[in-house]
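J.: One file: work-v3.cif (mmCIF, C-alpha atoms).
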data_data
loop_
_atom_site.label_atom_id
_atom_site.label_comp_id
_atom_site.auth_asym_id
_atom_site.auth_seq_id
_atom_site.Cartn_x
_atom_site.Cartn_y
_atom_site.Cartn_z
CA MET A 555 -4.62 71.66 3.35
CA GLN A 556 -3.81 74.63 1.19
CA GLN A 557 -4.24 72.46 -1.92
CA ILE A 558 -7.73 71.42 -0.79
CA ILE A 559 -8.74 75.07 -0.15
CA TYR A 560 -7.32 76.05 -3.54
CA PHE A 561 -9.24 73.22 -5.26
CA ILE A 562 -12.53 74.27 -3.62
CA SER A 563 -12.07 77.95 -4.43
CA LYS A 564 -11.13 77.19 -8.04
CA ASN A 565 -14.12 74.85 -8.57
CA SER A 566 -16.61 76.49 -6.23
CA THR A 567 -19.17 77.12 -8.98
CA LYS A 568 -19.14 73.49 -10.15
CA LEU A 569 -19.25 72.13 -6.61
CA LEU A 570 -22.16 74.42 -5.73
CA PHE A 571 -24.02 73.24 -8.85
CA LEU A 572 -23.49 69.60 -7.93
CA LEU A 573 -24.62 70.23 -4.35
CA LEU A 574 -27.80 71.99 -5.48
CA LEU A 575 -28.44 69.21 -8.03
CA VAL A 576 -28.17 66.52 -5.36
CA VAL A 577 -30.43 68.48 -2.99
CA SER A 578 -33.03 69.07 -5.70
CA LEU A 579 -33.03 65.41 -6.72
CA TYR A 580 -33.43 64.37 -3.10
CA LEU A 581 -36.35 66.77 -2.55
CA THR A 582 -37.98 65.66 -5.80
CA ILE A 583 -37.74 62.00 -4.86
CA GLN A 584 -39.00 62.57 -1.33
CA THR A 585 -41.97 64.76 -2.33
CA HIS A 586 -43.17 62.80 -5.37
CA SER A 587 -44.33 59.22 -4.85
CA TYR A 588 -43.69 58.19 -8.47
CA HIS A 589 -40.06 59.35 -8.38
CA HIS A 590 -39.64 57.77 -4.96
CA SER A 591 -40.93 54.38 -6.14
CA GLN A 592 -38.78 54.50 -9.26
CA MET A 593 -35.73 55.25 -7.13
CA LEU A 594 -36.46 52.33 -4.84
CA HIS A 595 -37.02 50.07 -7.83
CA SER A 596 -33.68 51.07 -9.35
CA ALA A 597 -31.93 50.59 -6.02
CA ASN A 598 -33.49 47.13 -5.67
CA VAL A 599 -32.37 46.18 -9.17
CA VAL A 600 -28.80 47.30 -8.48
CA SER A 601 -28.64 45.67 -5.04
CA GLY A 602 -30.28 42.50 -6.37
CA THR A 603 -27.74 42.24 -9.17
CA VAL A 604 -24.86 42.78 -6.73
CA TYR A 605 -26.24 40.18 -4.32
CA GLU A 606 -26.76 37.68 -7.16
CA LYS A 607 -23.19 38.09 -8.42
CA THR A 608 -21.83 37.83 -4.88
CA ASN A 609 -23.89 34.69 -4.26
CA ASN A 610 -22.67 33.14 -7.53
CA ILE A 611 -19.06 33.78 -6.53
CA THR A 612 -19.68 32.32 -3.07
CA GLU A 613 -21.35 29.22 -4.55
CA TYR A 614 -18.45 28.75 -6.97
CA LEU A 615 -15.90 28.98 -4.15
CA HIS A 616 -17.84 26.33 -2.21
CA LEU A 617 -18.50 24.10 -5.24
CA LYS A 618 -15.80 21.59 -4.26
CA ASP A 619 -17.26 21.20 -0.76
CA GLU A 620 -20.75 20.80 -2.24
CA ASN A 621 -19.57 18.12 -4.69
CA ASN A 622 -17.90 16.22 -1.86
CA ARG A 623 -21.09 16.45 0.20
CA LEU A 624 -23.18 15.15 -2.70
CA ALA A 625 -20.71 12.30 -3.32
CA GLU A 626 -20.93 11.26 0.34
CA GLU A 627 -24.73 11.48 0.20
CA ASN A 628 -24.80 9.33 -2.96
CA ALA A 629 -22.55 6.77 -1.29
CA HIS A 630 -24.96 6.60 1.63
CA MET A 631 -27.97 6.20 -0.69
CA LYS A 632 -26.26 3.48 -2.72
CA GLN A 633 -25.37 1.64 0.49
CA ILE A 634 -29.04 1.69 1.44
CA LEU A 635 -29.96 0.47 -2.07
CA TYR A 636 -27.52 -2.43 -2.06
CA ASN A 637 -28.63 -3.46 1.42
CA SER A 638 -32.36 -3.25 0.72
CA GLN A 639 -32.91 -7.01 0.38
CA LEU A 640 -35.63 -8.09 2.79
CA ILE A 641 -35.06 -11.32 4.69
CA VAL A 642 -37.71 -13.20 6.64
CA ASP A 643 -36.56 -14.92 9.81
CA SER A 644 -38.47 -18.24 9.74
CA THR A 645 -37.94 -18.84 13.46
CA PHE A 646 -40.82 -16.44 14.10
CA ALA A 647 -43.67 -18.57 12.78
CA VAL A 648 -46.54 -16.30 13.79
CA ASN A 649 -45.05 -12.84 13.26
CA PRO A 650 -41.93 -13.24 11.13
CA GLU A 651 -39.31 -10.59 11.76
CA ILE A 652 -38.42 -8.76 8.58
CA ARG A 653 -34.97 -7.17 8.64
CA ILE A 654 -32.57 -5.54 6.20
CA ALA A 655 -29.44 -7.47 5.30
CA GLN A 656 -26.42 -5.22 5.88
CA ASP A 657 -24.01 -6.88 3.46
CA TYR A 658 -22.24 -3.91 1.89
CA LYS A 659 -20.46 -0.73 2.92
CA LEU A 660 -19.60 2.08 0.52
CA PHE A 661 -16.76 4.60 0.57
CA GLN A 662 -16.26 7.63 -1.65
CA ALA A 663 -12.83 8.20 -3.25
CA LYS A 664 -11.15 10.50 -5.76
CA ILE A 665 -9.30 9.29 -8.86
CA ILE A 666 -5.85 10.89 -9.21
CA LYS A 667 -4.64 8.86 -12.20
CA ASN A 668 -6.41 6.91 -14.92
CA SER A 669 -4.90 4.93 -17.80
CA PHE A 670 -7.08 3.72 -20.67
CA PHE A 671 -4.77 3.45 -23.70
CA LYS A 672 -2.98 0.24 -22.70
CA LYS A 673 -4.13 -3.38 -22.76
CA ASP A 674 -3.88 -3.66 -18.98
CA ASN A 675 -5.17 -0.40 -17.51
CA TYR A 676 -5.20 0.78 -13.89
CA LEU A 677 -6.54 3.70 -11.90
CA THR A 678 -4.98 5.24 -8.81
CA ILE A 679 -7.31 6.58 -6.12
CA LYS A 680 -6.74 8.78 -3.10
CA GLY A 681 -7.70 6.54 -0.22
CA GLY A 682 -5.84 3.63 1.37
CA LYS A 683 -5.63 1.44 4.44
CA ILE A 684 -6.07 4.46 6.69
CA ASN A 685 -9.48 5.06 5.05
CA GLY A 686 -10.59 1.41 5.23
CA VAL A 687 -9.77 0.52 1.61
CA LYS A 688 -8.97 -3.16 1.07
CA LYS A 689 -7.87 -5.43 -1.76
CA ASP A 690 -10.69 -6.87 -3.91
CA MET A 691 -13.18 -4.12 -3.17
CA GLY A 692 -15.52 -3.40 -6.06
CA VAL A 693 -15.21 0.06 -7.62
CA ILE A 694 -18.20 1.80 -9.24
CA ASN A 695 -19.58 5.26 -9.95
CA SER A 696 -23.07 6.60 -10.57
CA LYS A 697 -23.17 5.01 -14.05
CA GLY A 698 -21.82 1.56 -13.24
CA VAL A 699 -18.80 -0.71 -12.82
CA ILE A 700 -15.28 0.78 -12.92
CA GLY A 701 -13.02 -2.05 -11.70
CA ILE A 702 -11.59 -3.90 -8.69
CA VAL A 703 -9.08 -2.75 -6.07
CA GLU A 704 -5.73 -4.42 -6.77
CA ASN A 705 -3.14 -3.04 -4.30
CA VAL A 706 -3.46 -0.80 -1.24
CA SER A 707 -0.92 1.42 0.54
CA THR A 708 -1.46 3.63 3.58
CA ASN A 709 -3.05 6.52 1.71
CA TYR A 710 -3.60 5.28 -1.85
CA ALA A 711 -4.83 2.29 -3.84
CA THR A 712 -4.62 1.01 -7.41
CA VAL A 713 -7.68 -0.29 -9.21
CA GLN A 714 -7.65 -2.88 -11.99
CA SER A 715 -9.85 -1.20 -14.58
CA ILE A 716 -12.68 -2.94 -16.39
CA LEU A 717 -10.50 -2.04 -19.40
CA ASN A 718 -7.89 -4.61 -18.45
CA THR A 719 -7.39 -7.89 -20.31
CA HIS A 720 -7.03 -9.71 -16.98
CA THR A 721 -10.31 -8.40 -15.53
CA LYS A 722 -13.13 -10.91 -15.17
CA ILE A 723 -16.46 -9.81 -13.68
CA SER A 724 -19.58 -11.91 -13.25
CA ALA A 725 -22.48 -10.37 -15.17
CA LYS A 726 -25.91 -11.25 -16.51
CA ILE A 727 -28.51 -10.13 -19.03
CA SER A 728 -30.95 -8.25 -16.83
CA ASN A 729 -34.18 -9.46 -18.44
CA THR A 730 -33.23 -13.17 -18.73
CA ASP A 731 -30.84 -13.73 -15.81
CA HIS A 732 -28.44 -15.71 -18.03
CA PHE A 733 -24.98 -15.43 -16.50
CA GLY A 734 -21.64 -14.89 -18.17
CA THR A 735 -18.30 -13.16 -17.66
CA ILE A 736 -17.25 -9.64 -18.60
CA THR A 737 -13.80 -9.47 -20.22
CA TRP A 738 -11.97 -6.93 -22.42
CA ASP A 739 -10.16 -7.65 -25.68
CA GLY A 740 -7.86 -4.64 -25.35
CA LYS A 741 -9.24 -2.81 -28.40
CA ASN A 742 -12.04 -0.24 -27.93
CA THR A 743 -12.27 1.75 -24.69
CA GLY A 744 -16.04 2.05 -25.06
CA TYR A 745 -16.81 -1.67 -25.28
CA VAL A 746 -16.23 -4.85 -23.28
CA GLN A 747 -17.19 -8.44 -24.08
CA LEU A 748 -19.66 -10.71 -22.31
CA ILE A 749 -18.77 -14.37 -22.87
CA ASP A 750 -20.18 -17.76 -21.84
CA ILE A 751 -23.82 -16.83 -22.53
CA PRO A 752 -25.54 -19.97 -23.92
CA LYS A 753 -27.15 -19.77 -27.35
CA LEU A 754 -30.52 -20.72 -25.90
CA ALA A 755 -30.66 -17.31 -24.19
CA ALA A 756 -33.08 -14.83 -25.75
CA LEU A 757 -31.33 -11.52 -26.19
CA HIS A 758 -31.62 -8.34 -28.24
CA LYS A 759 -29.57 -5.30 -29.07
CA GLY A 760 -30.08 -2.72 -26.33
CA ASP A 761 -30.65 -5.23 -23.52
CA SER A 762 -29.04 -4.16 -20.24
CA ILE A 763 -26.05 -5.98 -18.80
CA VAL A 764 -25.63 -5.84 -15.01
CA THR A 765 -23.52 -7.56 -12.37
CA GLY A 766 -24.70 -11.04 -11.52
CA GLY A 767 -24.39 -10.94 -7.76
CA ILE A 768 -22.76 -14.39 -7.57
CA SER A 769 -19.32 -13.00 -6.70
CA THR A 770 -18.11 -11.64 -3.37
CA ILE A 771 -17.08 -8.31 -4.93
CA PHE A 772 -20.11 -6.61 -6.50
CA PRO A 773 -23.75 -6.56 -5.40
CA GLU A 774 -26.34 -7.74 -7.87
CA ASN A 775 -27.66 -5.42 -10.61
CA VAL A 776 -24.89 -2.83 -10.73
CA PRO A 777 -25.07 -1.43 -14.32
CA VAL A 778 -22.36 -2.35 -16.85
CA GLY A 779 -23.68 -1.46 -20.30
CA LEU A 780 -25.96 -2.34 -23.21
CA ILE A 781 -25.77 -5.14 -25.77
CA ASP A 782 -24.40 -3.70 -29.02
CA LYS A 783 -23.56 -6.74 -31.17
CA VAL A 784 -23.85 -10.51 -30.83
CA TYR A 785 -21.32 -12.90 -32.36
CA THR A 786 -21.86 -16.62 -32.88
CA SER A 787 -19.61 -19.49 -33.87
CA LYS A 788 -20.57 -22.89 -35.31
CA ASN A 789 -17.93 -24.48 -33.10
CA SER A 790 -19.34 -23.07 -29.88
CA ASN A 791 -22.59 -23.26 -27.96
CA PHE A 792 -22.08 -19.80 -26.50
CA TYR A 793 -22.44 -16.22 -27.66
CA THR A 794 -19.75 -13.56 -27.54
CA ILE A 795 -21.53 -10.26 -26.89
CA SER A 796 -20.14 -6.79 -27.46
CA VAL A 797 -21.31 -4.55 -24.61
CA ARG A 798 -21.27 -0.76 -24.91
CA LEU A 799 -20.25 0.59 -21.50
CA PHE A 800 -22.43 3.09 -19.67
CA ASN A 801 -19.23 4.73 -18.42
CA ASP A 802 -16.89 6.80 -20.52
CA MET A 803 -13.74 5.32 -19.02
CA THR A 804 -11.65 8.17 -20.43
CA ASN A 805 -13.53 10.73 -18.34
CA ILE A 806 -14.11 9.72 -14.71
CA SER A 807 -13.08 11.51 -11.52
CA SER A 808 -14.97 10.24 -8.49
CA VAL A 809 -15.78 6.64 -7.52
CA TYR A 810 -17.36 4.54 -4.79
CA LEU A 811 -15.67 1.52 -3.19
CA ILE A 812 -17.89 -1.40 -2.18
CA GLU A 813 -16.95 -3.65 0.71
CA ASN A 814 -18.71 -6.96 1.20
CA VAL A 815 -18.65 -7.18 5.00
CA HIS A 816 -18.97 -10.97 4.88
CA ILE A 817 -16.25 -11.64 2.29
CA LYS A 818 -13.76 -13.11 4.79
CA GLU A 819 -16.32 -15.55 6.18
CA ILE A 820 -17.41 -16.59 2.68
CA LEU A 821 -13.87 -17.18 1.42
CA GLU A 822 -12.89 -19.15 4.52
CA LEU A 823 -15.98 -21.35 4.19
CA GLU A 824 -15.32 -21.98 0.48
CA GLU A 825 -11.68 -22.85 1.15
CA GLU A 826 -12.68 -25.21 3.92
CA THR A 827 -15.18 -26.88 1.60
CA ILE A 828 -12.58 -27.34 -1.16
CA ASN A 829 -10.03 -28.84 1.27
CA GLU A 830 -12.42 -31.43 2.70
#
Go through the file and emit its structure as C-alpha cells.

T.:
Amino acid sequence: MQQIIYFISKNSTKLLFLLLLVVSLYLTIQTHSYHHSQMLHSANVVSGTVYEKTNNITEYLHLKDENNRLAEENAHMKQILYNSQLIVDSTFAVNPEIRIAQDYKLFQAKIIKNSFFKKDNYLTIKGGKINGVKKDMGVINSKGVIGIVENVSTNYATVQSILNTHTKISAKISNTDHFGTITWDGKNTGYVQLIDIPKLAALHKGDSIVTGGISTIFPENVPVGLIDKVYTSKNSNFYTISVRLFNDMTNISSVYLIENVHIKEILELEEETINE
C-alpha cells in the first residue's frame, strides 16, 4: 500500500495531466457531433476487425467439421443422382406410376493410406464392417473412379486402386456408347488404358470416358478421364486408348463408397443361370 501511495505522490503531476486529458477528450467528443461520429467510426473499425479475426479463427477451428458435413451432403446428392432413373410401371395402363429406382447407397470414408508407386496399388480407408462397408463396393470421389473395395475388417478396408494391374472396370466412350475395359499398364500414374474398343467406333482426343453401367459395382456415367492417345495394330480389330485420369491419384483424401443394393440377387441369378 505504501508503494502505491509513493508511486502516486511521485507521479502526481503526470497522472493529473493524463486525467485532465481524458476528461477533455471525453467532453470534446460528447459536445461536438463531428468528433463523436469519428470516435464511433473508429470504434466500429476496431471492433469489426476484432470480430472478423475472431470469426476467422472460429471458422478455422470448425473447418474439419464443415468438411465432414459437406462430404456427407455430397454423398447424399450423389446417391440421389445415381438413383434418378425413372421407371414406368406398365401395370398401370391408364395412369402409369412413375417411381425412382433406389439401386445404390453411398457412404463417405477417409483415406488413411494410399500407394501409387507400385504396379499393384492399394488404398486403406477408415471404415469397415461396422460402418456397412462390404467387399466389391465401388469407390469414387467428386472427380471420378478411385477403385474397388478388396478386403474389409471391423473398422477398416483396403481398396484395389484403379492404378493396379489387376483392376478391370467396365467403361465406355460417353458420346458413342462403345464399351471396353479400363486396365493399367503399371507405368504412368496419370493414365490408364481402355481396351477392346472396336475400330469402327468414332472417337477423338478429348472424348470423355465414363463407367459403362453393365457391372454390378459402379453406376453408369461415373467419370474416369479423357482420351489422350489412340493406338492401333494391324493384327487387331480393336483400339488401345490412353486415358488421362480426371483424378490425381497421388493426392486424394476423401472418398465415397457405392453399394449396389441388388448385387446379391443379381449374382445369385447369374450363378443359377450358368449352372442350368

J.: Run the PyMOL selection byres ((chain A and resi 667) around 7) mentally over the shown coordinates, then write out the matched residues as JSON, numbers by chain, using the chain letters and numbers from the document.

T.: {"A": [665, 666, 668, 669, 677, 678]}

J.: Would you kindly translate the PyMOL selection byres ((chain A and resi 786-794) around 6) into the concrete residues it picks from this file, as a list in words?

T.: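 This file gives the following for the PyMOL selection byres ((chain A and resi 786-794) around 6): Leu748, Ile749, Asp750, Ile751, Pro752, Lys753, Tyr785 and Ile795 of chain A.
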
J.: Once the PyMOL selection byres ((chain A and resi 701) around 9) has been evaluated on this model, what residues remain selected, and can you format them as a PyMOL selection string?

T.: chain A and resi 676-677+691-694+699-700+702-703+713-718+721+723

J.: To one decimal place in Å, what is the distance between CA of Gly686 (chain A) and CA of Leu823 (chain A)?

T.: 23.4 Å

J.: Which value, in Å to one decimal, gives the distance between CA of Lys759 (chain A) and CA of Ser696 (chain A)?

T.: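 Rounded to one decimal, the two atoms are 22.9 Å apart.
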
J.: When you look at Val764 (chain A) with a cut-off of 6 Å (counting only C-alpha atoms), what residues show up, excluding the ones that are within fewer than 2 positions of it in the same chain? I need them as a count of residues only.

T.: 6

J.: Give me the residues near Tyr810 (chain A) as a ChimeraX atom specification, where near means some atom within 7 Å (using only C-alpha atoms) and where sequence neighbours in that chain fewer than 4 positions away do not count.

T.: /A:629,660-663,693-695

J.: What's around region 706-710 of chain A at 7 Å? Count only C-alpha atoms, leave out sequence neighbours fewer than 6 positions away in its own chain, and write the answer as number ranges by chain.

T.: A: 679-684, 688-689

J.: When you write region 757-769 of chain A out from the block above, keep all heavy atoms and present the result as an mmCIF file, in the first residue's frame, please.

T.:
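Heads up, here's the output in decode01.cif:
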data_model
loop_
_atom_site.group_PDB
_atom_site.id
_atom_site.type_symbol
_atom_site.label_atom_id
_atom_site.label_comp_id
_atom_site.auth_asym_id
_atom_site.auth_seq_id
_atom_site.Cartn_x
_atom_site.Cartn_y
_atom_site.Cartn_z
ATOM 1 N N LEU A 757 -14.044 -41.931 -82.553
ATOM 2 C CA LEU A 757 -13.549 -41.319 -81.326
ATOM 3 C C LEU A 757 -12.525 -40.246 -81.643
ATOM 4 O O LEU A 757 -11.925 -40.231 -82.710
ATOM 5 C CB LEU A 757 -12.955 -42.384 -80.391
ATOM 6 C CG LEU A 757 -11.982 -43.419 -80.983
ATOM 7 C CD1 LEU A 757 -10.574 -42.875 -81.024
ATOM 8 C CD2 LEU A 757 -12.044 -44.700 -80.168
ATOM 9 N N HIS A 758 -12.339 -39.334 -80.671
ATOM 10 C CA HIS A 758 -11.438 -38.205 -80.849
ATOM 11 C C HIS A 758 -10.713 -37.910 -79.542
ATOM 12 O O HIS A 758 -11.214 -38.229 -78.449
ATOM 13 C CB HIS A 758 -12.206 -36.952 -81.291
ATOM 14 C CG HIS A 758 -13.045 -37.149 -82.509
ATOM 15 N ND1 HIS A 758 -14.350 -37.599 -82.433
ATOM 16 C CD2 HIS A 758 -12.759 -36.974 -83.827
ATOM 17 C CE1 HIS A 758 -14.850 -37.676 -83.661
ATOM 18 N NE2 HIS A 758 -13.913 -37.312 -84.519
ATOM 19 N N LYS A 759 -9.558 -37.303 -79.663
ATOM 20 C CA LYS A 759 -8.837 -36.875 -78.478
ATOM 21 C C LYS A 759 -9.707 -35.887 -77.699
ATOM 22 O O LYS A 759 -10.307 -34.980 -78.262
ATOM 23 C CB LYS A 759 -7.514 -36.204 -78.868
ATOM 24 C CG LYS A 759 -6.691 -35.749 -77.669
ATOM 25 C CD LYS A 759 -5.349 -35.172 -78.102
ATOM 26 C CE LYS A 759 -4.545 -34.736 -76.887
ATOM 27 N NZ LYS A 759 -3.215 -34.200 -77.250
ATOM 28 N N GLY A 760 -9.793 -36.096 -76.387
ATOM 29 C CA GLY A 760 -10.613 -35.233 -75.545
ATOM 30 C C GLY A 760 -11.988 -35.771 -75.245
ATOM 31 O O GLY A 760 -12.708 -35.205 -74.410
ATOM 32 N N ASP A 761 -12.391 -36.875 -75.928
ATOM 33 C CA ASP A 761 -13.680 -37.502 -75.614
ATOM 34 C C ASP A 761 -13.668 -38.037 -74.182
ATOM 35 O O ASP A 761 -12.646 -38.541 -73.700
ATOM 36 C CB ASP A 761 -13.970 -38.653 -76.574
ATOM 37 C CG ASP A 761 -14.369 -38.182 -77.961
ATOM 38 O OD1 ASP A 761 -14.620 -36.979 -78.112
ATOM 39 O OD2 ASP A 761 -14.409 -39.017 -78.890
ATOM 40 N N SER A 762 -14.817 -37.959 -73.520
ATOM 41 C CA SER A 762 -14.921 -38.412 -72.134
ATOM 42 C C SER A 762 -15.102 -39.917 -72.049
ATOM 43 O O SER A 762 -15.846 -40.512 -72.830
ATOM 44 C CB SER A 762 -16.089 -37.725 -71.436
ATOM 45 O OG SER A 762 -15.864 -36.347 -71.318
ATOM 46 N N ILE A 763 -14.432 -40.514 -71.073
ATOM 47 C CA ILE A 763 -14.605 -41.927 -70.756
ATOM 48 C C ILE A 763 -15.304 -42.021 -69.409
ATOM 49 O O ILE A 763 -14.878 -41.393 -68.435
ATOM 50 C CB ILE A 763 -13.250 -42.665 -70.700
ATOM 51 C CG1 ILE A 763 -12.491 -42.468 -72.016
ATOM 52 C CG2 ILE A 763 -13.460 -44.145 -70.413
ATOM 53 C CD1 ILE A 763 -13.204 -42.973 -73.242
ATOM 54 N N VAL A 764 -16.386 -42.810 -69.366
ATOM 55 C CA VAL A 764 -17.180 -42.963 -68.141
ATOM 56 C C VAL A 764 -17.457 -44.441 -67.913
ATOM 57 O O VAL A 764 -17.245 -45.271 -68.802
ATOM 58 C CB VAL A 764 -18.509 -42.177 -68.233
ATOM 59 C CG1 VAL A 764 -18.246 -40.678 -68.359
ATOM 60 C CG2 VAL A 764 -19.343 -42.678 -69.413
ATOM 61 N N THR A 765 -17.935 -44.772 -66.719
ATOM 62 C CA THR A 765 -18.288 -46.164 -66.440
ATOM 63 C C THR A 765 -19.463 -46.580 -67.306
ATOM 64 O O THR A 765 -20.342 -45.775 -67.621
ATOM 65 C CB THR A 765 -18.639 -46.371 -64.959
ATOM 66 O OG1 THR A 765 -19.672 -45.452 -64.585
ATOM 67 C CG2 THR A 765 -17.414 -46.142 -64.088
ATOM 68 N N GLY A 766 -19.472 -47.883 -67.650
ATOM 69 C CA GLY A 766 -20.471 -48.356 -68.597
ATOM 70 C C GLY A 766 -21.811 -48.701 -68.000
ATOM 71 O O GLY A 766 -22.826 -48.689 -68.688
ATOM 72 N N GLY A 767 -21.836 -49.016 -66.718
ATOM 73 C CA GLY A 767 -23.103 -49.362 -66.084
ATOM 74 C C GLY A 767 -23.543 -50.790 -66.301
ATOM 75 O O GLY A 767 -24.653 -51.167 -65.926
ATOM 76 N N ILE A 768 -22.667 -51.630 -66.927
ATOM 77 C CA ILE A 768 -23.058 -53.021 -67.153
ATOM 78 C C ILE A 768 -22.489 -53.948 -66.087
ATOM 79 O O ILE A 768 -22.671 -55.158 -66.156
ATOM 80 C CB ILE A 768 -22.611 -53.516 -68.548
ATOM 81 C CG1 ILE A 768 -21.088 -53.469 -68.682
ATOM 82 C CG2 ILE A 768 -23.276 -52.699 -69.635
ATOM 83 C CD1 ILE A 768 -20.583 -54.085 -69.970
ATOM 84 N N SER A 769 -21.796 -53.384 -65.088
ATOM 85 C CA SER A 769 -21.289 -54.194 -63.988
ATOM 86 C C SER A 769 -22.192 -53.992 -62.775
ATOM 87 O O SER A 769 -23.081 -53.132 -62.763
ATOM 88 C CB SER A 769 -19.850 -53.783 -63.629
ATOM 89 O OG SER A 769 -19.842 -52.559 -62.932
#
